[in-house]
file work_0.tsv (TSV, C-alpha atoms)
chain	number	residue	atom	x	y	z
L	1	MET	CA	-12.73	-20.82	22.82
L	2	LEU	CA	-10.68	-17.71	22.17
L	3	VAL	CA	-9.64	-15.89	25.33
L	4	ILE	CA	-8.44	-12.43	24.37
L	5	ARG	CA	-7.65	-9.14	26.07
L	6	ARG	CA	-10.06	-6.28	25.50
L	7	ASP	CA	-7.37	-3.88	24.24
L	8	LEU	CA	-6.52	-6.36	21.44
L	9	VAL	CA	-10.19	-6.66	20.46
L	10	ASP	CA	-10.45	-2.87	20.42
L	11	ALA	CA	-7.29	-2.63	18.29
L	12	MET	CA	-8.65	-5.08	15.69
L	13	VAL	CA	-11.96	-3.21	15.50
L	14	ALA	CA	-10.18	0.16	15.22
L	15	HIS	CA	-7.96	-1.18	12.43
L	16	ALA	CA	-10.96	-2.58	10.54
L	17	ARG	CA	-12.83	0.74	10.87
L	18	ARG	CA	-9.82	2.76	9.76
L	19	ASP	CA	-9.27	0.70	6.59
L	20	HIS	CA	-12.97	0.50	5.69
L	21	PRO	CA	-14.11	0.19	2.86
L	22	ASP	CA	-10.99	-1.91	2.14
L	23	GLU	CA	-10.44	-5.12	4.10
L	24	ALA	CA	-8.01	-4.84	7.00
L	25	CYS	CA	-5.84	-7.76	8.08
L	26	GLY	CA	-3.29	-8.66	10.70
L	27	VAL	CA	-1.93	-11.17	13.13
L	28	ILE	CA	-1.66	-11.45	16.92
L	29	ALA	CA	1.39	-13.37	18.02
L	30	GLY	CA	1.67	-15.26	21.27
L	31	PRO	CA	4.10	-17.64	22.97
L	32	GLU	CA	4.22	-21.06	21.31
L	33	GLY	CA	1.90	-23.51	23.07
L	34	SER	CA	0.19	-20.80	25.15
L	35	ASP	CA	-2.83	-20.11	22.91
L	36	ARG	CA	-2.60	-16.56	24.34
L	37	PRO	CA	-2.69	-13.66	21.85
L	38	GLU	CA	-0.32	-10.89	22.99
L	39	ARG	CA	1.43	-8.91	20.27
L	40	LEU	CA	-0.75	-7.41	17.55
L	41	VAL	CA	0.80	-6.65	14.17
L	42	GLU	CA	-1.30	-4.75	11.65
L	43	MET	CA	-0.42	-6.10	8.22
L	44	VAL	CA	-0.62	-4.34	4.88
L	45	ASN	CA	-3.42	-5.68	2.70
L	46	ALA	CA	-1.39	-6.06	-0.50
L	47	GLU	CA	-4.65	-6.28	-2.47
L	48	ARG	CA	-6.05	-3.01	-1.05
L	49	SER	CA	-9.49	-4.33	-1.90
L	50	PRO	CA	-12.98	-4.25	-0.37
L	51	THR	CA	-13.46	-7.94	-1.24
L	52	PHE	CA	-10.06	-9.60	-0.86
L	53	TYR	CA	-7.00	-9.54	1.38
L	54	ARG	CA	-3.52	-10.91	1.17
L	55	PHE	CA	-0.58	-10.25	3.46
L	56	ASP	CA	2.28	-8.57	1.62
L	57	SER	CA	4.77	-11.41	1.05
L	58	MET	CA	7.88	-9.54	2.21
L	59	GLU	CA	6.16	-8.17	5.29
L	60	GLN	CA	4.88	-11.66	6.08
L	61	LEU	CA	8.43	-13.04	5.88
L	62	ARG	CA	9.71	-10.40	8.31
L	63	VAL	CA	6.86	-10.87	10.76
L	64	TRP	CA	7.02	-14.70	10.63
L	65	ARG	CA	10.81	-14.62	11.17
L	66	ALA	CA	10.42	-12.31	14.15
L	67	MET	CA	7.83	-14.69	15.62
L	68	ASP	CA	10.18	-17.64	15.05
L	69	GLU	CA	13.03	-15.88	16.80
L	70	ALA	CA	10.81	-15.04	19.76
L	71	ASP	CA	9.33	-18.58	19.97
L	72	GLU	CA	5.95	-17.14	19.05
L	73	VAL	CA	3.22	-18.40	16.75
L	74	PRO	CA	0.33	-16.65	15.01
L	75	VAL	CA	-2.36	-17.23	17.66
L	76	VAL	CA	-4.90	-15.01	15.91
L	77	ILE	CA	-5.18	-14.18	12.22
L	78	TYR	CA	-7.78	-11.50	11.65
L	79	HIS	CA	-9.35	-9.69	8.73
L	80	SER	CA	-12.43	-7.64	8.07
L	81	HIS	CA	-15.45	-8.04	5.85
L	82	THR	CA	-16.74	-4.67	4.80
L	83	ALA	CA	-20.08	-5.57	3.23
L	84	THR	CA	-20.95	-9.01	4.60
L	85	GLU	CA	-21.26	-10.72	7.96
L	86	ALA	CA	-18.29	-11.82	10.08
L	87	TYR	CA	-18.34	-15.36	8.76
L	88	PRO	CA	-15.52	-16.99	6.70
L	89	SER	CA	-16.11	-16.79	2.96
L	90	ARG	CA	-15.39	-19.70	0.66
L	91	THR	CA	-12.11	-18.00	-0.26
L	92	ASP	CA	-11.20	-17.65	3.43
L	93	VAL	CA	-11.74	-21.35	3.94
L	94	SER	CA	-9.78	-22.41	0.86
L	95	PHE	CA	-6.72	-20.35	1.84
L	96	ALA	CA	-6.76	-21.04	5.58
L	97	SER	CA	-3.33	-22.52	6.25
L	98	GLU	CA	-2.76	-22.16	10.00
L	99	PRO	CA	-4.65	-25.04	11.63
L	100	ASP	CA	-3.64	-23.88	15.12
L	101	ALA	CA	-4.76	-20.27	14.67
L	102	HIS	CA	-7.98	-18.58	15.69
L	103	TYR	CA	-9.40	-16.90	12.60
L	104	VAL	CA	-11.09	-13.71	13.73
L	105	LEU	CA	-13.51	-11.94	11.42
L	106	VAL	CA	-14.61	-8.35	11.96
L	107	SER	CA	-17.55	-7.01	9.98
L	108	THR	CA	-17.71	-3.26	9.41
L	109	ARG	CA	-20.81	-3.32	7.21
L	110	ASP	CA	-22.73	-1.60	10.02
L	111	ALA	CA	-20.61	1.36	11.12
L	112	HIS	CA	-22.38	1.58	14.48
L	113	ASP	CA	-22.47	-2.09	15.35
L	114	VAL	CA	-19.20	-3.82	14.47
L	115	GLU	CA	-19.43	-7.60	14.68
L	116	LEU	CA	-16.42	-9.74	15.78
L	117	ARG	CA	-16.45	-13.54	15.71
L	118	SER	CA	-13.83	-16.28	15.87
L	119	TYR	CA	-13.40	-19.61	14.08
L	120	ARG	CA	-11.13	-22.57	13.68
L	121	ILE	CA	-10.60	-23.54	10.06
L	122	VAL	CA	-9.04	-26.99	9.68
L	123	ASP	CA	-9.03	-29.03	6.47
L	124	GLY	CA	-11.80	-26.92	4.99
L	125	VAL	CA	-14.07	-27.28	8.03
L	126	VAL	CA	-15.19	-24.09	9.80
L	127	THR	CA	-16.03	-24.27	13.50
L	128	GLU	CA	-17.20	-21.14	15.27
L	129	GLU	CA	-15.97	-20.68	18.82
L	130	GLN	CA	-16.87	-18.51	21.78
L	131	VAL	CA	-14.88	-15.31	22.28
L	132	ASP	CA	-14.12	-14.57	25.93
L	133	VAL	CA	-12.96	-10.96	26.27
L	134	VAL	CA	-10.92	-10.37	29.42
L	135	GLU	CA	-9.25	-7.33	30.96
L	136	SER	CA	-6.08	-9.28	31.73
L	137	TYR	CA	-4.87	-12.86	31.26
L	138	MET	CA	-3.65	-13.02	34.83
L	139	PHE	CA	-6.96	-14.14	36.29
L	140	SER	CA	-8.51	-15.80	33.29
L	141	HIS	CA	-8.81	-19.53	32.97
L	142	THR	CA	-6.79	-20.39	29.89
L	143	GLY	CA	-5.54	-23.88	30.68
L	144	ALA	CA	-6.99	-27.25	29.75
L	145	ASP	CA	-10.55	-27.76	30.86
L	146	ASP	CA	-9.78	-30.90	32.87
L	147	VAL	CA	-10.78	-29.24	36.10
L	148	PRO	CA	-14.10	-27.42	36.34
L	149	ASP	CA	-13.79	-23.75	37.20
L	150	ALA	CA	-14.55	-23.15	40.86
L	151	ASP	CA	-17.27	-20.54	41.08
I	152	MET	CA	24.85	-28.27	-2.44
I	153	ALA	CA	23.04	-28.27	0.85
I	154	VAL	CA	20.37	-25.76	1.71
I	155	LYS	CA	18.12	-25.47	4.73
I	156	VAL	CA	14.40	-25.48	4.03
I	157	SER	CA	11.91	-24.11	6.59
I	158	ILE	CA	8.64	-26.01	6.48
I	159	PRO	CA	5.37	-24.33	7.57
I	160	THR	CA	3.11	-26.02	10.13
I	161	ILE	CA	0.56	-27.13	7.56
I	162	LEU	CA	3.16	-29.06	5.51
I	163	ARG	CA	4.94	-30.74	8.42
I	164	THR	CA	2.80	-33.85	7.99
I	165	HIS	CA	5.15	-34.54	5.06
I	166	THR	CA	8.33	-34.09	7.14
I	167	SER	CA	7.39	-36.12	10.25
I	168	GLY	CA	6.80	-32.87	12.09
I	169	GLU	CA	10.23	-31.38	11.30
I	170	LYS	CA	10.29	-27.57	11.09
I	171	SER	CA	13.41	-27.53	9.01
I	172	VAL	CA	14.93	-30.06	6.61
I	173	GLU	CA	18.02	-30.20	4.38
I	174	ALA	CA	17.91	-30.49	0.63
I	175	SER	CA	20.17	-30.00	-2.34
I	176	GLY	CA	19.94	-28.53	-5.83
I	177	GLY	CA	21.14	-25.63	-7.95
I	178	THR	CA	17.67	-24.22	-8.56
I	179	LEU	CA	14.54	-24.05	-6.46
I	180	GLY	CA	12.92	-26.63	-8.77
I	181	GLN	CA	15.78	-29.08	-8.11
I	182	VAL	CA	15.55	-28.44	-4.37
I	183	ILE	CA	11.83	-29.26	-4.46
I	184	ASP	CA	12.47	-32.45	-6.46
I	185	ASP	CA	15.10	-33.47	-3.93
I	186	LEU	CA	12.68	-32.79	-1.07
I	187	GLU	CA	10.01	-34.87	-2.79
I	188	SER	CA	12.39	-37.87	-2.98
I	189	ARG	CA	12.51	-37.97	0.84
I	190	HIS	CA	9.25	-36.28	1.80
I	191	ALA	CA	6.68	-37.67	-0.60
I	192	GLY	CA	3.69	-35.48	-1.31
I	193	LEU	CA	5.41	-32.19	-0.63
I	194	LYS	CA	5.90	-31.25	-4.27
I	195	ALA	CA	2.21	-31.42	-5.10
I	196	ARG	CA	1.54	-28.94	-2.28
I	197	LEU	CA	4.00	-26.45	-3.78
I	198	VAL	CA	3.96	-26.88	-7.53
I	199	LYS	CA	1.12	-26.98	-10.02
I	200	GLU	CA	1.65	-27.36	-13.76
I	201	ASP	CA	5.38	-26.60	-13.53
I	202	ALA	CA	4.93	-23.36	-11.58
I	203	LEU	CA	4.71	-22.51	-7.92
I	204	HIS	CA	1.19	-22.38	-6.53
I	205	ARG	CA	-0.01	-18.79	-6.54
I	206	PHE	CA	-0.76	-18.84	-2.84
I	207	ILE	CA	2.48	-20.39	-1.67
I	208	ASN	CA	5.27	-17.92	-0.91
I	209	VAL	CA	8.79	-19.27	-1.31
I	210	TYR	CA	11.82	-17.22	-0.37
I	211	VAL	CA	15.51	-17.84	-1.03
I	212	ASN	CA	17.19	-16.03	1.84
I	213	ASP	CA	15.34	-12.69	1.87
I	214	GLU	CA	14.03	-12.79	-1.67
I	215	ASP	CA	10.52	-13.77	-2.76
I	216	VAL	CA	11.27	-16.11	-5.69
I	217	ARG	CA	8.23	-14.77	-7.53
I	218	PHE	CA	10.52	-11.88	-8.44
I	219	SER	CA	13.67	-13.94	-9.09
I	220	GLY	CA	12.76	-16.72	-11.49
I	221	GLY	CA	10.26	-18.88	-9.60
I	222	LEU	CA	11.27	-22.54	-9.86
I	223	ASN	CA	14.35	-21.47	-11.85
I	224	ALA	CA	15.58	-19.24	-9.03
I	225	GLU	CA	19.21	-19.98	-8.29
I	226	VAL	CA	20.03	-21.65	-4.98
I	227	LYS	CA	23.54	-21.77	-3.55
I	228	ASP	CA	25.20	-23.86	-0.87
I	229	GLY	CA	24.23	-22.57	2.55
I	230	ASP	CA	21.14	-20.67	1.36
I	231	ASN	CA	17.97	-20.68	3.40
I	232	VAL	CA	14.74	-21.55	1.64
I	233	THR	CA	11.57	-20.53	3.48
I	234	ILE	CA	8.12	-21.77	2.52
I	235	LEU	CA	5.12	-19.81	3.83
I	236	PRO	CA	1.54	-20.29	2.67
I	237	ALA	CA	0.12	-16.89	1.76
I	238	VAL	CA	-2.29	-15.51	4.32
I	239	ALA	CA	-5.20	-14.48	2.14
I	240	GLY	CA	-8.92	-14.64	1.74
I	241	GLY	CA	-11.95	-12.68	0.74
call {"tool": "encode", "arguments": {"input": "work_0.tsv", "output": "structure tokens"}}
result
Amino acid sequence: MLVIRRDLVDAMVAHARRDHPDEACGVIAGPEGSDRPERLVEMVNAERSPTFYRFDSMEQLRVWRAMDEADEVPVVIYHSHTATEAYPSRTDVSFASEPDAHYVLVSTRDAHDVELRSYRIVDGVVTEEQVDVVESYMFSHTGADDVPDAD
Amino acid sequence: MAVKVSIPTILRTHTSGEKSVEASGGTLGQVIDDLESRHAGLKARLVKEDALHRFINVYVNDEDVRFSGGLNAEVKDGDNVTILPAVAGG
């Protein structure tokens, strides 16, 4: 399950809408081991294409170094599909290289009803997961599910 | 000539989980061969038909080697080599 703050979801959707009809892409960093997305970085789509995305290699180096120095990891890697559903394409699966990341797909094919879904992509296997949108992480249950939530 | 090589998460299965390993060589190609001698399997993840994989980014210090000779890029003592799989898709 991806637990994510509403403002970050809104920022991904806004980025995808702004770059439409080209694909938008970016990363949300979070503290290592926390699985908590916190710091959103909009990346340049070096391909500037409606059907493909690739992080600019120099920008990726800078952003990855900054994460390293802050003991952060890419918790979310997101990109948009501008004419198809928010499901990983074959290309997405073949290039997925962060087994610990949540891959978020935003579809802007319907301007009025933007679709956002999240997946794990490990060794070529796609697993969709629930997206739990929260106002704040302070009261959300983000730890291991050993103990049932009291409700 | 010792250089420090940063290994991305997805390739750490070849380095017993190490984020950073040492290697030696005067060119990137030699550094990769040296890595392969201690971390078997790594080379095939980086190199295909005597060139770097298109979707693997390799940097010597702050330079993307795609623009500085690829496997022939010069590497000097104390340099940092960073390997990052490209983040890409369709």
call {"tool": "residues_near_point", "arguments": {"input": "work_0.tsv", "point": "(-3.8, -7.5, 5.6)", "cutoff": "8 Å", "atoms": "all atoms listed in the file", "output": "ChimeraX atom specification"}}
result
/L:23-26,42-46,53-56,79 /I:239
call {"tool": "atom_distance", "arguments": {"input": "work_0.tsv", "atom1": "atom CA of Ile121 of chain L", "atom2": "atom CA of Pro236 of chain I"}}
result
14.6 Å
call {"tool": "atom_distance", "arguments": {"input": "work_0.tsv", "atom1": "atom CA of Ile158 of chain I", "atom2": "atom CA of Val232 of chain I"}}
result
9.0 Å
call {"tool": "interface_residues", "arguments": {"input": "work_0.tsv", "of": "chain I", "to": "chain L", "cutoff": "10 Å", "atoms": "all atoms listed in the file", "output": "list in words"}}
result
Pro159, Thr160, Ile161, Leu162, Phe206, Ile207, Asn208, Val209, Tyr210, Asp213, Glu214, Asp215, Arg217, Thr233, Ile234, Leu235, Pro236, Ala237, Val238, Ala239, Gly240 and Gly241 of chain I
call {"tool": "write_last_selection", "arguments": {"input": "work_0.tsv", "atoms": "C-alpha atoms", "output": "tab-separated table (two decimals), keeping the file's coordinate frame"}}
result
chain	number	residue	atom	x	y	z
I	159	PRO	CA	5.37	-24.33	7.57
I	160	THR	CA	3.11	-26.02	10.13
I	161	ILE	CA	0.56	-27.13	7.56
I	162	LEU	CA	3.16	-29.06	5.51
I	206	PHE	CA	-0.76	-18.84	-2.84
I	207	ILE	CA	2.48	-20.39	-1.67
I	208	ASN	CA	5.27	-17.92	-0.91
I	209	VAL	CA	8.79	-19.27	-1.31
I	210	TYR	CA	11.82	-17.22	-0.37
I	213	ASP	CA	15.34	-12.69	1.87
I	214	GLU	CA	14.03	-12.79	-1.67
I	215	ASP	CA	10.52	-13.77	-2.76
I	217	ARG	CA	8.23	-14.77	-7.53
I	233	THR	CA	11.57	-20.53	3.48
I	234	ILE	CA	8.12	-21.77	2.52
I	235	LEU	CA	5.12	-19.81	3.83
I	236	PRO	CA	1.54	-20.29	2.67
I	237	ALA	CA	0.12	-16.89	1.76
I	238	VAL	CA	-2.29	-15.51	4.32
I	239	ALA	CA	-5.20	-14.48	2.14
I	240	GLY	CA	-8.92	-14.64	1.74
I	241	GLY	CA	-11.95	-12.68	0.74
call {"tool": "closest_residue", "arguments": {"input": "work_0.tsv", "among": "I:Gly180, I:Asn212, I:Ser157, I:Ala174", "to": "Ala224 of chain I", "atoms": "only C-alpha atoms"}}
result
I:Gly180
call {"tool": "closest_residue", "arguments": {"input": "work_0.tsv", "among": "I:Thr164, I:Ser175, I:Val226, I:Phe218", "to": "Arg196 of chain I", "atoms": "all atoms listed in the file"}}
result
I:Thr164
call {"tool": "atom_distance", "arguments": {"input": "work_0.tsv", "atom1": "atom CA of Gly177 of chain I", "atom2": "atom CA of Leu197 of chain I"}}
result
17.7 Å
call {"tool": "residues_around", "arguments": {"input": "work_0.tsv", "residues": "Lys227 of chain I", "least_positions_apart": "3", "cutoff": "9 Å", "atoms": "all atoms listed in the file", "output": "list in words"}}
result
Met152, Ala153, Val154, Ser175, Gly176, Gly177, Thr178, Asp230 and Asn231 of chain I
call {"tool": "build_atoms", "arguments": {"input": "work_0.tsv", "residues": "segment 30-48 of chain L", "atoms": "N, CA and C atoms", "output": "PDB file, keeping the file's coordinate frame"}}
result
ATOM      1  N   GLY L  30       1.641 -14.881  19.865  1.00  0.00           N
ATOM      2  CA  GLY L  30       1.670 -15.260  21.270  1.00  0.00           C
ATOM      3  C   GLY L  30       2.689 -16.361  21.466  1.00  0.00           C
ATOM      4  N   PRO L  31       3.107 -16.593  22.712  1.00  0.00           N
ATOM      5  CA  PRO L  31       4.100 -17.640  22.970  1.00  0.00           C
ATOM      6  C   PRO L  31       3.624 -18.994  22.450  1.00  0.00           C
ATOM      7  N   GLU L  32       4.549 -19.741  21.851  1.00  0.00           N
ATOM      8  CA  GLU L  32       4.220 -21.060  21.310  1.00  0.00           C
ATOM      9  C   GLU L  32       3.616 -21.934  22.410  1.00  0.00           C
ATOM     10  N   GLY L  33       2.511 -22.589  22.103  1.00  0.00           N
ATOM     11  CA  GLY L  33       1.900 -23.510  23.070  1.00  0.00           C
ATOM     12  C   GLY L  33       1.005 -22.841  24.101  1.00  0.00           C
ATOM     13  N   SER L  34       0.958 -21.497  24.109  1.00  0.00           N
ATOM     14  CA  SER L  34       0.190 -20.800  25.150  1.00  0.00           C
ATOM     15  C   SER L  34      -1.256 -20.560  24.759  1.00  0.00           C
ATOM     16  N   ASP L  35      -1.517 -20.472  23.435  1.00  0.00           N
ATOM     17  CA  ASP L  35      -2.830 -20.110  22.910  1.00  0.00           C
ATOM     18  C   ASP L  35      -3.281 -18.747  23.446  1.00  0.00           C
ATOM     19  N   ARG L  36      -2.293 -17.860  23.726  1.00  0.00           N
ATOM     20  CA  ARG L  36      -2.600 -16.560  24.340  1.00  0.00           C
ATOM     21  C   ARG L  36      -2.139 -15.440  23.414  1.00  0.00           C
ATOM     22  N   PRO L  37      -3.081 -14.743  22.756  1.00  0.00           N
ATOM     23  CA  PRO L  37      -2.690 -13.660  21.850  1.00  0.00           C
ATOM     24  C   PRO L  37      -2.127 -12.479  22.622  1.00  0.00           C
ATOM     25  N   GLU L  38      -0.963 -11.971  22.222  1.00  0.00           N
ATOM     26  CA  GLU L  38      -0.320 -10.890  22.990  1.00  0.00           C
ATOM     27  C   GLU L  38       0.138  -9.710  22.165  1.00  0.00           C
ATOM     28  N   ARG L  39       0.754  -9.986  21.003  1.00  0.00           N
ATOM     29  CA  ARG L  39       1.430  -8.910  20.270  1.00  0.00           C
ATOM     30  C   ARG L  39       0.755  -8.744  18.910  1.00  0.00           C
ATOM     31  N   LEU L  40       0.016  -7.631  18.775  1.00  0.00           N
ATOM     32  CA  LEU L  40      -0.750  -7.410  17.550  1.00  0.00           C
ATOM     33  C   LEU L  40       0.102  -6.707  16.492  1.00  0.00           C
ATOM     34  N   VAL L  41       0.088  -7.260  15.284  1.00  0.00           N
ATOM     35  CA  VAL L  41       0.800  -6.650  14.170  1.00  0.00           C
ATOM     36  C   VAL L  41      -0.218  -6.373  13.060  1.00  0.00           C
ATOM     37  N   GLU L  42      -0.432  -5.098  12.779  1.00  0.00           N
ATOM     38  CA  GLU L  42      -1.300  -4.750  11.650  1.00  0.00           C
ATOM     39  C   GLU L  42      -0.524  -5.005  10.375  1.00  0.00           C
ATOM     40  N   MET L  43      -1.108  -5.786   9.465  1.00  0.00           N
ATOM     41  CA  MET L  43      -0.420  -6.100   8.220  1.00  0.00           C
ATOM     42  C   MET L  43      -1.001  -5.251   7.094  1.00  0.00           C
ATOM     43  N   VAL L  44      -0.159  -5.026   6.076  1.00  0.00           N
ATOM     44  CA  VAL L  44      -0.620  -4.340   4.880  1.00  0.00           C
ATOM     45  C   VAL L  44      -1.490  -5.315   4.088  1.00  0.00           C
ATOM     46  N   ASN L  45      -2.661  -4.871   3.653  1.00  0.00           N
ATOM     47  CA  ASN L  45      -3.420  -5.680   2.700  1.00  0.00           C
ATOM     48  C   ASN L  45      -2.874  -5.377   1.314  1.00  0.00           C
ATOM     49  N   ALA L  46      -2.061  -6.301   0.784  1.00  0.00           N
ATOM     50  CA  ALA L  46      -1.390  -6.060  -0.500  1.00  0.00           C
ATOM     51  C   ALA L  46      -2.398  -5.892  -1.631  1.00  0.00           C
ATOM     52  N   GLU L  47      -3.621  -6.384  -1.418  1.00  0.00           N
ATOM     53  CA  GLU L  47      -4.650  -6.280  -2.470  1.00  0.00           C
ATOM     54  C   GLU L  47      -5.383  -4.936  -2.405  1.00  0.00           C
ATOM     55  N   ARG L  48      -5.322  -4.273  -1.259  1.00  0.00           N
ATOM     56  CA  ARG L  48      -6.050  -3.010  -1.050  1.00  0.00           C
ATOM     57  C   ARG L  48      -7.428  -3.070  -1.698  1.00  0.00           C
TER      58      ARG L  48
END
